[in-house]
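Enquirer: Got a structure for you, my_file.cif, holding mmCIF, C-alpha atoms.
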data_query
loop_
_atom_site.label_atom_id
_atom_site.label_comp_id
_atom_site.auth_asym_id
_atom_site.auth_seq_id
_atom_site.Cartn_x
_atom_site.Cartn_y
_atom_site.Cartn_z
CA MET W 14 -27.93 31.47 -9.56
CA THR W 15 -30.45 29.06 -8.06
CA SER W 16 -31.34 28.95 -4.38
CA TYR W 17 -29.45 25.66 -4.14
CA ASP W 18 -26.29 27.25 -5.54
CA LYS W 19 -26.67 30.15 -3.12
CA GLU W 20 -26.89 27.71 -0.22
CA ILE W 21 -23.74 25.91 -1.37
CA ASP W 22 -21.93 29.25 -1.60
CA ARG W 23 -23.08 30.14 1.90
CA LEU W 24 -21.88 26.84 3.33
CA GLN W 25 -18.59 27.07 1.44
CA GLY W 26 -17.99 30.47 3.00
CA LEU W 27 -18.66 28.98 6.44
CA VAL W 28 -16.12 26.22 5.75
CA LEU W 29 -13.42 28.74 4.87
CA ASP W 30 -14.35 30.96 7.84
CA ALA W 31 -13.98 28.01 10.22
CA LEU W 32 -10.58 27.21 8.74
CA ARG W 33 -9.40 30.81 9.16
CA GLN W 34 -10.55 31.06 12.77
CA HIS W 35 -9.29 27.71 14.07
CA THR W 36 -6.41 25.28 13.60
CA LEU W 37 -7.55 22.28 15.65
CA PRO W 38 -9.60 19.82 13.57
CA GLU W 39 -12.32 19.44 16.20
CA ALA W 40 -12.69 23.21 16.57
CA VAL W 41 -12.99 23.69 12.81
CA ALA W 42 -15.54 20.89 12.53
CA GLN W 43 -17.66 22.02 15.47
CA GLN W 44 -17.85 25.63 14.31
CA LEU W 45 -18.71 24.52 10.78
CA VAL W 46 -21.60 22.31 11.87
CA HIS W 47 -22.88 24.84 14.41
CA ALA W 48 -22.80 27.71 11.89
CA SER W 49 -24.29 25.63 9.08
CA PHE W 50 -27.00 23.64 10.85
CA PRO W 51 -27.22 24.52 14.57
CA ASP W 52 -29.82 21.83 15.24
CA ALA W 53 -27.25 19.15 14.31
CA VAL W 54 -25.13 19.99 17.38
CA VAL W 55 -26.40 18.05 20.39
CA SER W 56 -23.55 18.89 22.75
CA VAL W 57 -20.35 20.91 22.58
CA SER W 58 -18.52 19.22 25.46
CA PRO W 59 -18.29 16.36 24.96
CA PRO W 60 -18.97 16.87 21.26
CA ALA W 61 -22.10 15.13 20.03
CA PHE W 62 -24.04 15.47 16.81
CA LYS W 63 -27.08 14.06 15.13
CA PRO W 64 -27.43 12.97 11.51
CA LEU W 65 -28.49 15.57 9.00
CA PRO W 66 -31.42 15.04 6.65
CA ALA W 67 -30.24 13.70 3.30
CA ALA W 68 -30.72 17.05 1.54
CA GLN W 69 -28.70 18.99 4.11
CA GLN W 70 -25.95 16.36 4.21
CA GLU W 71 -25.67 16.60 0.43
CA GLN W 72 -25.41 20.39 0.64
CA LEU W 73 -22.69 20.25 3.29
CA THR W 74 -20.80 17.59 1.31
CA ASN W 75 -20.93 19.67 -1.87
CA ALA W 76 -19.82 22.75 0.07
CA LEU W 77 -16.77 20.88 1.38
CA HIS W 78 -15.91 19.76 -2.15
CA ALA W 79 -16.31 23.36 -3.32
CA ALA W 80 -14.05 24.58 -0.51
CA ALA W 81 -11.39 22.04 -1.50
CA ALA W 82 -11.60 23.22 -5.12
CA GLN W 83 -11.28 26.83 -3.96
CA LEU W 84 -8.15 26.03 -1.95
CA LEU W 85 -6.64 24.29 -4.98
CA ALA W 86 -7.35 27.37 -7.10
CA ASP W 87 -5.99 29.74 -4.43
CA ALA W 88 -2.77 27.74 -4.15
CA LYS W 89 -2.29 27.87 -7.91
CA ALA W 90 -2.99 31.61 -7.98
CA ALA W 91 -0.44 32.14 -5.22
CA GLY W 92 2.16 30.11 -7.13
CA GLN W 93 2.46 27.55 -4.33
CA GLN W 94 2.07 23.80 -4.19
CA VAL W 95 -1.28 22.73 -2.83
CA MET W 96 0.17 21.02 0.26
CA GLN W 97 2.25 24.10 1.07
CA TYR W 98 -0.40 26.79 0.66
CA LYS W 99 -1.56 28.25 3.99
CA LEU W 100 -4.43 30.58 4.72
CA GLU W 101 -2.16 32.72 6.90
CA PRO W 102 1.62 32.87 7.37
CA GLY W 103 2.88 31.02 10.41
CA ARG W 104 0.20 28.34 10.48
CA GLU W 105 1.53 24.86 11.11
CA GLN W 106 -0.33 23.03 8.36
CA ALA W 107 -1.42 23.71 4.81
CA ALA W 108 -5.02 24.79 4.34
CA VAL W 109 -5.94 21.60 2.49
CA ALA W 110 -4.47 19.48 5.30
CA GLU W 111 -6.49 21.44 7.87
CA LEU W 112 -9.66 20.88 5.86
CA LEU W 113 -9.00 17.16 5.51
CA ASP W 114 -8.17 16.77 9.20
CA ALA W 115 -11.41 18.48 10.19
CA VAL W 116 -13.42 16.12 7.98
CA LEU W 117 -11.41 13.13 9.24
CA TRP W 118 -12.38 14.11 12.78
CA LEU W 119 -16.05 14.76 12.02
CA ALA W 120 -16.91 11.87 9.69
CA PRO W 121 -16.36 9.00 12.19
CA GLN W 122 -18.36 10.66 14.98
CA THR W 123 -21.30 8.52 16.09
CA PRO W 124 -23.67 9.71 14.82
CA SER W 125 -22.14 12.10 12.31
CA PRO W 126 -23.55 14.78 10.01
CA LEU W 127 -21.16 13.56 7.28
CA ASP W 128 -20.79 10.33 5.35
CA ILE W 129 -17.85 8.18 6.43
CA GLY W 130 -16.58 8.00 2.86
CA LEU W 131 -16.18 11.77 2.46
CA PRO W 132 -12.53 12.07 3.63
CA ALA W 133 -11.37 9.59 0.99
CA GLN W 134 -13.50 11.33 -1.64
CA LEU W 135 -11.94 14.70 -0.83
CA LEU W 136 -8.47 13.17 -1.07
CA GLU W 137 -9.36 11.78 -4.47
CA GLN W 138 -10.57 15.21 -5.60
CA ILE W 139 -7.39 16.91 -4.37
CA THR W 140 -5.22 14.29 -6.07
CA GLU W 141 -7.04 14.85 -9.36
CA GLY W 142 -6.54 18.60 -9.08
CA ALA W 143 -2.88 18.44 -8.07
CA SER W 144 -0.04 18.58 -10.56
CA VAL W 145 2.44 15.73 -10.89
CA GLN W 146 4.96 17.78 -8.90
CA GLU W 147 2.40 18.16 -6.10
CA CYS W 148 1.51 14.47 -5.96
CA GLU W 149 4.26 13.60 -3.50
CA GLY W 150 3.02 16.17 -1.01
CA VAL W 151 -0.52 14.80 -1.27
CA PHE W 152 0.72 11.26 -0.73
CA VAL W 153 2.90 12.28 2.23
CA TYR W 154 -0.27 13.56 3.90
CA LEU W 155 -2.16 10.37 3.08
CA ASP W 156 0.67 8.18 4.33
CA SER W 157 0.85 10.14 7.59
CA ARG W 158 -2.83 9.32 8.22
CA THR W 159 -2.47 5.57 7.63
CA ALA W 160 -3.43 4.71 11.21
CA THR W 161 -6.61 6.78 10.91
CA PHE W 162 -7.71 5.15 7.67
CA LYS W 163 -6.94 1.70 9.12
CA SER W 164 -9.08 2.35 12.20
CA PRO W 165 -12.41 0.49 12.59
CA ALA W 166 -14.34 3.68 11.82
CA PHE W 167 -13.05 3.60 8.23
CA ALA W 168 -13.28 -0.17 7.82
CA GLU W 169 -15.93 0.02 5.11
CA MET W 170 -14.56 -1.20 1.79
CA ARG W 171 -15.97 1.80 -0.07
CA CYS W 172 -13.51 3.98 1.86
CA LYS W 173 -10.63 1.68 1.04
CA ASN W 174 -11.76 1.33 -2.58
CA THR W 175 -11.67 5.11 -2.97
CA LEU W 176 -8.16 5.22 -1.52
CA LEU W 177 -7.13 2.35 -3.80
CA ARG W 178 -8.50 4.23 -6.79
CA THR W 179 -6.66 7.37 -5.68
CA CYS W 180 -3.36 5.52 -5.30
CA ASN W 181 -3.77 3.83 -8.67
CA MET W 182 -4.41 7.25 -10.18
CA LEU W 183 -1.16 8.47 -8.65
CA LEU W 184 0.75 5.48 -9.97
CA LYS W 185 -0.56 6.06 -13.50
CA ARG W 186 0.49 9.70 -13.44
CA LEU W 187 3.95 9.10 -11.99
CA SER W 188 6.98 7.98 -13.95
CA LYS W 189 8.27 4.57 -12.88
CA SER W 190 11.82 5.70 -13.55
CA ALA W 191 11.78 9.33 -12.38
CA ASN W 192 9.46 8.66 -9.41
CA ALA W 193 10.53 5.13 -8.51
CA MET W 194 10.81 5.79 -4.78
CA LEU W 195 7.41 7.45 -4.56
CA CYS W 196 5.79 4.62 -6.53
CA GLY W 197 7.33 2.13 -4.11
CA ARG W 198 6.02 4.05 -1.10
CA ILE W 199 2.52 4.08 -2.59
CA LEU W 200 2.63 0.31 -3.06
CA LEU W 201 3.81 -0.15 0.53
CA PHE W 202 0.97 2.07 1.74
CA LEU W 203 -1.54 -0.11 -0.10
CA ALA W 204 0.08 -3.23 1.36
CA LYS W 205 -0.44 -1.82 4.85
CA LEU W 206 -3.96 -0.56 4.16
CA LEU W 207 -5.51 -3.50 2.33
CA PRO W 208 -5.80 -7.16 3.36
CA LEU W 209 -3.58 -9.76 1.75
CA THR W 210 -6.59 -11.20 -0.09
CA GLU W 211 -7.56 -7.90 -1.74
CA ARG W 212 -8.37 -8.74 -5.38
CA SER W 213 -6.34 -5.87 -6.79
CA GLY W 214 -3.17 -7.24 -5.19
CA VAL W 215 -3.22 -10.75 -6.60
CA ASN W 216 -2.86 -12.27 -10.03
CA LEU W 217 -6.39 -13.63 -10.36
CA GLY W 218 -5.86 -14.88 -13.90
CA GLY W 219 -2.68 -16.73 -12.99
CA SER W 220 -0.82 -15.08 -15.87
CA PHE W 221 2.96 -15.30 -16.20
CA ASN W 222 5.26 -12.44 -17.11
CA THR W 223 7.24 -14.39 -19.67
CA ASP W 224 8.79 -11.18 -21.01
CA ASN W 225 10.75 -10.77 -17.79
CA ALA W 226 14.37 -11.47 -18.64
CA THR W 227 16.55 -10.27 -15.78
CA PRO W 228 20.11 -11.56 -16.28
CA VAL W 229 21.36 -13.05 -13.01
CA GLU W 230 24.54 -15.07 -12.68
CA ASP W 231 24.01 -18.82 -12.25
CA VAL W 232 20.27 -18.44 -11.71
CA GLN W 233 17.62 -19.57 -14.18
CA GLU W 234 15.34 -16.54 -14.07
CA THR W 235 13.15 -18.26 -16.66
CA PHE W 236 11.72 -20.54 -14.01
CA PHE W 237 10.64 -17.61 -11.84
CA SER W 238 8.95 -15.71 -14.66
CA ASN W 239 7.34 -18.82 -16.18
CA PRO W 240 7.03 -21.69 -13.64
CA GLN W 241 5.41 -23.96 -16.23
CA VAL W 242 8.87 -24.53 -17.70
CA ALA W 243 9.94 -26.22 -14.46
CA LEU W 244 7.37 -28.98 -15.08
CA GLN W 245 8.80 -29.89 -18.46
CA PRO W 246 10.70 -33.21 -18.62
CA GLY W 247 14.15 -32.92 -17.09
CA LYS W 248 13.75 -29.28 -16.09
CA TRP W 249 13.19 -29.75 -12.36
CA GLY W 250 16.74 -31.02 -12.04
CA GLU W 251 17.99 -27.67 -13.36
CA VAL W 252 15.74 -25.77 -10.96
CA SER W 253 16.89 -27.79 -7.97
CA ARG W 254 20.55 -27.56 -8.97
CA ASP W 255 20.49 -23.78 -9.42
CA ILE W 256 18.63 -23.11 -6.17
CA LYS W 257 21.02 -25.36 -4.24
CA ARG W 258 23.95 -23.56 -5.83
CA VAL W 259 22.65 -20.21 -4.58
CA LEU W 260 21.90 -21.65 -1.13
CA ASP W 261 25.48 -22.86 -0.95
CA LYS W 262 26.69 -19.35 -1.79
CA PHE W 263 24.47 -17.93 0.95
CA ARG W 264 26.49 -19.97 3.43
CA LEU W 265 29.69 -18.10 2.57
CA GLU W 266 30.88 -15.95 5.43
CA LYS W 267 33.11 -13.64 3.42
CA VAL W 268 33.00 -11.90 0.07
CA THR W 269 36.42 -12.12 -1.51
CA VAL W 270 38.10 -9.32 -3.40
CA GLY W 271 37.27 -9.29 -7.08
CA GLU W 272 33.80 -10.80 -6.76
CA SER W 273 31.13 -9.35 -8.99
CA ALA W 274 28.39 -7.14 -7.60
CA ALA W 275 25.87 -9.93 -8.21
CA VAL W 276 27.82 -12.34 -6.00
CA ALA W 277 28.47 -9.70 -3.35
CA SER W 278 24.74 -8.95 -3.19
CA LEU W 279 24.12 -12.48 -1.94
CA ARG W 280 25.10 -11.24 1.52
CA ASP W 281 22.36 -8.62 1.46
CA ALA W 282 19.42 -9.65 3.68
CA THR W 283 16.79 -8.01 1.49
CA PHE W 284 18.11 -9.72 -1.63
CA ARG W 285 18.25 -13.07 0.15
CA ARG W 286 14.72 -12.85 1.43
CA HIS W 287 13.41 -11.78 -1.96
CA PHE W 288 15.13 -14.69 -3.70
CA LEU W 289 14.07 -17.23 -1.07
CA LEU W 290 10.46 -16.08 -1.27
CA GLN W 291 10.58 -16.51 -5.03
CA CYS W 292 11.86 -20.05 -4.52
CA LEU W 293 9.04 -20.91 -2.11
CA VAL W 294 6.38 -19.55 -4.45
CA LEU W 295 7.89 -21.44 -7.38
CA MET W 296 7.95 -24.72 -5.45
CA GLN W 297 4.41 -24.27 -4.18
CA TRP W 298 3.16 -23.64 -7.71
CA CYS W 299 4.97 -26.70 -9.06
CA GLU W 300 3.44 -28.75 -6.27
CA ARG W 301 -0.07 -27.43 -6.95
CA PRO W 302 -0.26 -26.19 -10.55
CA ARG W 303 -3.46 -24.87 -12.05
CA GLN W 304 -5.81 -27.43 -13.56
CA LYS W 305 -5.23 -26.23 -17.10
CA ASP W 306 -1.49 -26.74 -16.69
CA LYS W 307 0.35 -30.01 -16.53
CA ALA W 308 0.25 -32.27 -13.51
CA GLY W 309 2.61 -31.54 -10.67
CA LEU W 310 5.91 -33.22 -9.98
CA ARG W 311 6.20 -36.97 -9.60
CA ALA W 312 6.67 -38.52 -6.17
CA LYS W 313 10.46 -38.85 -6.43
CA LEU W 314 10.86 -35.24 -7.47
CA LEU W 315 8.47 -34.15 -4.72
CA GLU W 316 10.84 -35.71 -2.19
CA ASP W 317 13.64 -33.57 -3.60
CA MET W 318 11.37 -30.54 -3.38
CA GLN W 319 10.58 -31.16 0.28
CA GLU W 320 14.28 -31.37 1.06
CA LEU W 321 14.91 -28.21 -0.95
CA ARG W 322 12.05 -26.37 0.76
CA ALA W 323 13.50 -27.26 4.16
CA ARG W 324 16.84 -25.78 3.11
CA VAL W 325 15.14 -22.60 1.90
CA TYR W 326 13.32 -22.14 5.21
CA ALA W 327 16.57 -22.82 7.08
CA SER W 328 18.24 -20.10 5.02
CA LEU W 329 15.38 -17.72 5.81
CA GLU W 330 15.77 -18.46 9.52
CA SER W 331 19.49 -17.72 9.38
CA THR W 332 19.01 -14.39 7.59
CA PRO W 333 19.08 -11.44 10.02
CA ASP W 334 17.27 -9.65 11.54
CA LYS W 335 14.80 -11.88 13.42
CA GLY W 336 15.13 -14.63 10.85
CA PRO W 337 13.15 -17.28 12.78
CA GLN W 338 10.19 -14.94 13.25
CA PHE W 339 10.24 -13.91 9.60
CA ALA W 340 10.45 -17.53 8.41
CA ALA W 341 7.60 -18.57 10.72
CA ALA W 342 5.38 -15.78 9.39
CA ILE W 343 6.11 -16.73 5.78
CA ARG W 344 5.46 -20.40 6.53
CA HIS W 345 2.09 -19.43 8.00
CA LEU W 346 1.21 -17.37 4.92
CA MET W 347 2.19 -20.16 2.55
CA GLN W 348 0.12 -22.70 4.45
CA ALA W 349 -2.87 -20.48 5.20
CA ARG W 350 -3.15 -19.00 1.70
CA PRO W 351 -1.78 -21.67 -0.65
CA ARG W 352 -3.77 -20.56 -3.69
CA LEU W 353 -2.91 -16.91 -3.17
CA CYS W 354 0.78 -17.75 -3.01
CA CYS W 355 0.59 -19.86 -6.15
CA LEU W 356 -1.25 -17.48 -8.45
CA GLY W 357 0.86 -16.98 -11.53
CA GLY W 358 4.02 -17.96 -9.71
CA GLN W 359 4.37 -14.32 -8.71
CA LEU W 360 4.65 -12.83 -5.25
CA GLY W 361 1.89 -10.25 -5.72
CA GLY W 362 0.43 -9.20 -2.40
CA LEU W 363 2.64 -11.69 -0.53
CA GLU W 364 5.79 -9.81 -1.46
CA ALA W 365 4.41 -6.46 -0.32
CA LYS W 366 3.25 -7.94 2.98
CA ALA W 367 6.59 -9.68 3.38
CA ARG W 368 8.43 -6.39 2.85
CA ALA W 369 6.36 -4.74 5.55
CA LEU W 370 7.07 -7.74 7.80
CA GLN W 371 10.77 -7.53 6.96
CA HIS W 372 10.85 -3.90 8.07
CA ARG W 373 9.26 -4.80 11.40
CA CYS W 374 11.67 -7.71 11.83
CA SER W 375 14.59 -5.32 11.47
CA GLY W 376 13.78 -3.95 14.90
CA ARG W 377 13.66 -0.39 13.59
CA PRO W 378 10.60 1.86 13.76
CA GLU W 379 8.85 2.54 10.48
CA PRO W 380 10.21 5.68 8.81
CA PRO W 381 8.14 8.82 9.30
CA ALA W 382 5.91 10.13 6.55
CA GLY W 383 7.88 11.65 3.74
CA GLN W 384 10.84 9.28 4.02
CA SER W 385 11.40 6.27 1.84
CA GLN W 386 10.49 2.85 3.17
CA LEU W 387 12.43 1.02 0.48
CA THR W 388 15.91 1.58 1.83
#
Could you quickly redo this structure as structure tokens?

Expert:
Amino acid sequence: MTSYDKEIDRLQGLVLDALRQHTLPEAVAQQLVHASFPDAVVSVSPPAFKPLPAAQQEQLTNALHAAAAQLLADAKAAGQQVMQYKLEPGREQAAVAELLDAVLWLAPQTPSPLDIGLPAQLLEQITEGASVQECEGVFVYLDSRTATFKSPAFAEMRCKNTLLRTCNMLLKRLSKSANAMLCGRILLFLAKLLPLTERSGVNLGGSFNTDNATPVEDVQETFFSNPQVALQPGKWGEVSRDIKRVLDKFRLEKVTVGESAAVASLRDATFRRHFLLQCLVLMQWCERPRQKDKAGLRAKLLEDMQELRARVYASLESTPDKGPQFAAAIRHLMQARPRLCCLGGQLGGLEAKARALQHRCSGRPEPPAGQSQLT
């Protein structure tokens, strides 16, 4: 074993000792730094540190990664899930959560002995080492720290890119059918974490999902999945007719006995908003198609579109809860980001942001970590 490896082992032992002796993140972090490199501690109260030389920072970083790997191995040996394994019975949090919280507290200190990107890197490592069954527990922790990762201290894109990579890794490992709720929660987390213009959330190539064939009564789903069809001769009349037909159904106050589930769902606010957003995106694309596609609608048809768009916004405003506020926010997004909203005729990042907005417009607090946000 080299002297470097011995130093990493020494620091790893100090990490685990600090975790065993303390539960508060700041106490764990302060003891770790003081025991590892006493000169890095400027003041205990209030806590103040100074940056470590590059070599020492690398050693401490590697020791923290080694400690995380050790906790993963210990959890497996104990037959427990990684986010349930505790160093001692009766402790409030899992050992991995205590380690992450200590690093989350220490990394944004100004100055700090750690790199600001380390918390996200440790989360990525833990996600890679966790089984599929353990993934939900890891994500519940991540979701519960959303406010921390959205704070200015973690504003650097390399932090967010690591979290994006971690979430994409989770999505690839999870089953879209068996883990549908968890996949949805991960997408909502990314919608809250990343800006609307994040490249990973938009259809940069403007591609259409022409294989999408969702059978819906009286609605031409073809136009939503492939907006180019709406620009073909005589097709806009079908689009306008079908949208108006649905808008007329939205005005119904009662659902009569014997109606199909598809018709009854028209009274559902989430379904309405989803459909109306699709209509707005479709119309905006037809109004401003990509250069390689055909020209937009002729003047007479554009007049019909403006009238139809006004009806769609009116329907959005009448959809509870807080319909006027929701409609105003969507109008702002459509006007401020016209190209983003038109890419591929798909909602992309707009839909995820709109869902988060819809939840806020409901007047209810966001569900706590571990509960679905898709209900």

Enquirer: List as JSON, numbers by chain: which residues have an atom within 12 Å of (14.1, -28.3, -0.6), counting only C-alpha atoms?

Expert: {"W": [249, 252, 253, 254, 255, 256, 257, 260, 289, 292, 293, 295, 296, 297, 314, 315, 316, 317, 318, 319, 320, 321, 322, 323, 324, 325, 326, 327, 328]}

Enquirer: Provide the CA of Ala110 (chain W) to CA of Leu201 (chain W) distance in Å, to one decimal place.

Expert: 21.8 Å

Enquirer: Using the chain letters and residue numbers of this document, give as a ChimeraX atom specification the residues selected by the PyMOL selection byres ((chain W and resi 85) around 12).

Expert: /W:78-84,86-100,107-110,112,135-136,138-144,147,151

Enquirer: Compare W:Ala133, W:Cys196, W:Cys180, W:Met170 by their minimum atom-to-atom distance to Pro208 (chain W), counting all atoms listed in the file, and give me the closest one.

Expert: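 Among the listed residues, W:Met170 lies closest to Pro208 (chain W).
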
Enquirer: If you apply the PyMOL selection byres ((chain W and resi 29-40) around 8) to this file, what residues do you get, as a list in words?

Expert: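 On the file shown, the PyMOL selection byres ((chain W and resi 29-40) around 8) covers Gln25, Gly26, Leu27, Val28, Val41, Ala42, Gln43, Gln44, Leu45, Ala80, Leu100, Glu101, Arg104, Ala108, Glu111, Leu112, Asp114, Ala115, Val116, Trp118 and Leu119 of chain W.
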
Enquirer: Here's the selection I'm unsure about, the PyMOL selection byres ((chain W and resi 122) around 12); applied to the file above, which residues does it give, as a short mmCIF file (atom, residue, chain, number, x, y, z; two decimals) with C-alpha atoms, keeping the file's coordinate frame?

Expert:
data_model
loop_
_atom_site.label_atom_id
_atom_site.label_comp_id
_atom_site.auth_asym_id
_atom_site.auth_seq_id
_atom_site.Cartn_x
_atom_site.Cartn_y
_atom_site.Cartn_z
CA GLU W 39 -12.32 19.44 16.20
CA ALA W 42 -15.54 20.89 12.53
CA GLN W 43 -17.66 22.02 15.47
CA VAL W 54 -25.13 19.99 17.38
CA PRO W 59 -18.29 16.36 24.96
CA PRO W 60 -18.97 16.87 21.26
CA ALA W 61 -22.10 15.13 20.03
CA PHE W 62 -24.04 15.47 16.81
CA LYS W 63 -27.08 14.06 15.13
CA PRO W 64 -27.43 12.97 11.51
CA ALA W 115 -11.41 18.48 10.19
CA VAL W 116 -13.42 16.12 7.98
CA LEU W 117 -11.41 13.13 9.24
CA TRP W 118 -12.38 14.11 12.78
CA LEU W 119 -16.05 14.76 12.02
CA ALA W 120 -16.91 11.87 9.69
CA PRO W 121 -16.36 9.00 12.19
CA THR W 123 -21.30 8.52 16.09
CA PRO W 124 -23.67 9.71 14.82
CA SER W 125 -22.14 12.10 12.31
CA PRO W 126 -23.55 14.78 10.01
CA LEU W 127 -21.16 13.56 7.28
CA ASP W 128 -20.79 10.33 5.35
CA ILE W 129 -17.85 8.18 6.43
CA ALA W 166 -14.34 3.68 11.82
CA PHE W 167 -13.05 3.60 8.23
#

Enquirer: What separation in Å, quoted to one decimal, exists between CA of Lys19 (chain W) and CA of Asn75 (chain W)?

Expert: 12.0 Å

Enquirer: Which distance in Å separates CA of Tyr17 (chain W) and CA of Leu77 (chain W), to one decimal?

Expert: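 Interatomic distance here is 14.6 Å.
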
Enquirer: Find, counting all atoms listed in the file, the residue in W:Val294, W:Leu183, W:Leu177, W:Ala342 that gets nearest to Pro240 (chain W).

Expert: W:Val294

Enquirer: Provide region 73-79 of chain W rebuilt to all heavy atoms, formatted as an mmCIF file, in the coordinates of the input.

Expert:
data_model
loop_
_atom_site.group_PDB
_atom_site.id
_atom_site.type_symbol
_atom_site.label_atom_id
_atom_site.label_comp_id
_atom_site.auth_asym_id
_atom_site.auth_seq_id
_atom_site.Cartn_x
_atom_site.Cartn_y
_atom_site.Cartn_z
ATOM 1 N N LEU W 73 -23.941 20.077 2.551
ATOM 2 C CA LEU W 73 -22.690 20.250 3.290
ATOM 3 C C LEU W 73 -21.539 19.526 2.584
ATOM 4 O O LEU W 73 -20.413 20.039 2.510
ATOM 5 C CB LEU W 73 -22.853 19.731 4.718
ATOM 6 C CG LEU W 73 -21.659 19.944 5.657
ATOM 7 C CD1 LEU W 73 -21.272 21.414 5.729
ATOM 8 C CD2 LEU W 73 -21.967 19.407 7.054
ATOM 9 N N THR W 74 -21.825 18.346 2.051
ATOM 10 C CA THR W 74 -20.800 17.590 1.310
ATOM 11 C C THR W 74 -20.336 18.366 0.090
ATOM 12 O O THR W 74 -19.131 18.497 -0.167
ATOM 13 C CB THR W 74 -21.359 16.222 0.894
ATOM 14 O OG1 THR W 74 -21.677 15.464 2.059
ATOM 15 C CG2 THR W 74 -20.340 15.461 0.056
ATOM 16 N N ASN W 75 -21.285 18.900 -0.671
ATOM 17 C CA ASN W 75 -20.930 19.670 -1.870
ATOM 18 C C ASN W 75 -20.168 20.941 -1.504
ATOM 19 O O ASN W 75 -19.263 21.374 -2.240
ATOM 20 C CB ASN W 75 -22.179 20.014 -2.668
ATOM 21 C CG ASN W 75 -22.772 18.799 -3.359
ATOM 22 O OD1 ASN W 75 -22.087 17.801 -3.569
ATOM 23 N ND2 ASN W 75 -24.053 18.864 -3.704
ATOM 24 N N ALA W 76 -20.524 21.542 -0.375
ATOM 25 C CA ALA W 76 -19.820 22.750 0.070
ATOM 26 C C ALA W 76 -18.369 22.426 0.424
ATOM 27 O O ALA W 76 -17.452 23.214 0.138
ATOM 28 C CB ALA W 76 -20.540 23.360 1.262
ATOM 29 N N LEU W 77 -18.137 21.283 1.048
ATOM 30 C CA LEU W 77 -16.770 20.880 1.380
ATOM 31 C C LEU W 77 -15.959 20.590 0.119
ATOM 32 O O LEU W 77 -14.777 20.935 0.033
ATOM 33 C CB LEU W 77 -16.798 19.654 2.300
ATOM 34 C CG LEU W 77 -17.244 19.950 3.743
ATOM 35 C CD1 LEU W 77 -17.636 18.672 4.471
ATOM 36 C CD2 LEU W 77 -16.128 20.669 4.503
ATOM 37 N N HIS W 78 -16.593 19.967 -0.862
ATOM 38 C CA HIS W 78 -15.910 19.760 -2.150
ATOM 39 C C HIS W 78 -15.596 21.100 -2.808
ATOM 40 O O HIS W 78 -14.505 21.283 -3.382
ATOM 41 C CB HIS W 78 -16.783 18.910 -3.073
ATOM 42 C CG HIS W 78 -16.710 17.440 -2.808
ATOM 43 N ND1 HIS W 78 -15.576 16.693 -3.058
ATOM 44 C CD2 HIS W 78 -17.633 16.569 -2.317
ATOM 45 C CE1 HIS W 78 -15.798 15.429 -2.737
ATOM 46 N NE2 HIS W 78 -17.039 15.324 -2.280
ATOM 47 N N ALA W 79 -16.535 22.033 -2.729
ATOM 48 C CA ALA W 79 -16.310 23.360 -3.320
ATOM 49 C C ALA W 79 -15.181 24.090 -2.596
ATOM 50 O O ALA W 79 -14.367 24.782 -3.226
ATOM 51 C CB ALA W 79 -17.601 24.176 -3.260
#
